[in-house]
Amino acid sequence: VLLEITTILTVFLAVKASLSKHLDPDLAISQPIEKILGKGAISDLLSFEARVWTYALFSKKVNRNHFAGEQHFTCHKKDGAQSNQLGFILIILFELPIMHIVLHFLWSPLAANITTGLTLVGLVFFIAEYKALALRPVSITNKNLIIRYGVWNPLTIDFHDIVSVQTNSEFIARASHIKRFNLSGHPNVELQLSSGQCIYLGLDSPTEFINMVKKRME
């Protein structure tokens, strides 16, 4: 346990130090973890967890201008996505003490404490997602597209793997070959990949994004 705590503190200090430099904030979070654990599923999971706590507690240290990419596109204004998240957070904060008191007297103090603890952990995620949604952009580089959405791990797509890009105005149901990066309303951008996978995005400037991707594909 002591070794685990020491490792977590080491990673935390390394991430905090990296954020103060002019590095891509995603790399500032993932590189210290990968140096210790290497690349893999465990490091991806820990990078996600570290990103949650970073944006929940230290979002002011994240500079949106340091993200890799030549053009950046936001997604937090579409259909009031970030405002809806804030409303959801406020509802949780309002209900939390009431729920705790009710469970404490009608069920048991232990159940009330466990439920409140789990709710607080979920609240940290929602706060981090709320802050990250406005800070982490969808970016275009010379060779690829980097999709960042909320606190989730970034998805990098090579332009050679994109078959088509177009607007979308329909509801998109869940499917194994579909990935959706959209919180409110219908996604407004559709990307079809050579693998058969479809990526749907909800962006603030879909037309400009589509035009830029088409230029890179050419």
# chains A, B, ... in the order shown; residues from 1 in each chain; ligands from 1
>>> select_by_dssp(residues="region 19-189 of chain A", states="helix (DSSP H, G or I)", output="ChimeraX atom specification")
/A:19,25-37,41-57,59-61,64-66,78-106,109-135,159-161
>>> closest_residue(among="A:Ala111, A:Phe73, A:Ala68, A:Pro137", to="Leu23 (chain A)", atoms="only C-alpha atoms")
A:Ala68
>>> closest_residue(among="A:Cys75, A:Ile172, A:Leu110, A:Leu123", to="Glu95 (chain A)", atoms="only C-alpha atoms")
A:Leu123
>>> residues_around(residues="region 127-135 of chain A", least_positions_apart="2", cutoff="6 Å", atoms="only C-alpha atoms", output="PyMOL selection string")
chain A and resi 52+55-56+64+76+124-125+150-151
>>> select_by_dssp(residues="region 37-165 of chain A", states="strand (DSSP E or B)", output="list in words")
Gln71, His72, Phe73, Val138, Ser139, Ile140, Asn144, Leu145, Ile146, Ile147, Leu155, Thr156, Ile157, Asp158, Ile162, Val163, Ser164 and Val165 of chain A
>>> residues_around(residues="Phe67 (chain A)", least_positions_apart="5", cutoff="9 Å", atoms="only C-alpha atoms", output="MDAnalysis selection string")
chainID A and resid 23:26 72 136:137 139
>>> write_last_selection(atoms="N, CA and C atoms", output="CSV table (one decimal), in the first residue's frame")
chain,number,residue,atom,x,y,z
A,23,LEU,N,4.0,22.2,-22.8
A,23,LEU,CA,3.8,20.9,-23.4
A,23,LEU,C,2.3,20.7,-23.7
A,24,ASP,N,2.1,19.8,-24.6
A,24,ASP,CA,0.7,19.4,-24.8
A,24,ASP,C,0.1,18.8,-23.5
A,25,PRO,N,-0.9,19.4,-22.9
A,25,PRO,CA,-1.4,18.9,-21.6
A,25,PRO,C,-1.7,17.4,-21.6
A,26,ASP,N,-2.2,16.9,-22.7
A,26,ASP,CA,-2.4,15.4,-22.7
A,26,ASP,C,-1.1,14.6,-22.5
A,72,HIS,N,-7.8,24.3,-34.2
A,72,HIS,CA,-8.6,23.7,-33.1
A,72,HIS,C,-10.1,24.0,-33.2
A,136,ARG,N,-10.3,21.2,-23.8
A,136,ARG,CA,-9.7,20.2,-24.8
A,136,ARG,C,-10.3,20.3,-26.1
A,137,PRO,N,-9.6,20.7,-27.2
A,137,PRO,CA,-10.2,20.8,-28.5
A,137,PRO,C,-10.1,19.6,-29.4
A,139,SER,N,-8.5,18.7,-32.8
A,139,SER,CA,-7.5,19.4,-33.5
A,139,SER,C,-7.1,18.8,-34.8
>>> atom_distance(atom1="CA of His177 (chain A)", atom2="CA of Leu193 (chain A)")
10.1 Å
>>> closest_residue(among="A:Ala81, A:Ile114, A:Met217, A:Leu45", to="Asn142 (chain A)", atoms="only C-alpha atoms")
A:Met217
>>> residues_around(residues="region 158-171 of chain A", least_positions_apart="4", cutoff="7 Å", atoms="only C-alpha atoms", output="list in words")
Lys143, Asn144, Leu145, His186, Pro187, Asn188, Val189, Glu190, Leu191, Gln192, Leu193, Ser194, Ile210, Arg216 and Met217 of chain A
>>> atom_distance(atom1="CA of His22 (chain A)", atom2="CA of Asn211 (chain A)")
29.3 Å
>>> closest_residue(among="A:Cys198, A:Ile42, A:Thr156, A:Arg148", to="Thr74 (chain A)", atoms="only C-alpha atoms")
A:Arg148
>>> closest_residue(among="A:Ser195, A:Ser184, A:Thr119, A:Ser59", to="Ile91 (chain A)", atoms="only C-alpha atoms")
A:Thr119
>>> closest_residue(among="A:Gln85, A:Asn153, A:Thr141, A:Asn63", to="Phe126 (chain A)", atoms="only C-alpha atoms")
A:Gln85
>>> residues_around(residues="Thr54 (chain A)", least_positions_apart="2", cutoff="9 Å", atoms="only C-alpha atoms", output="PyMOL selection string")
chain A and resi 12+15-16+29+49-52+56-59+61-62+128
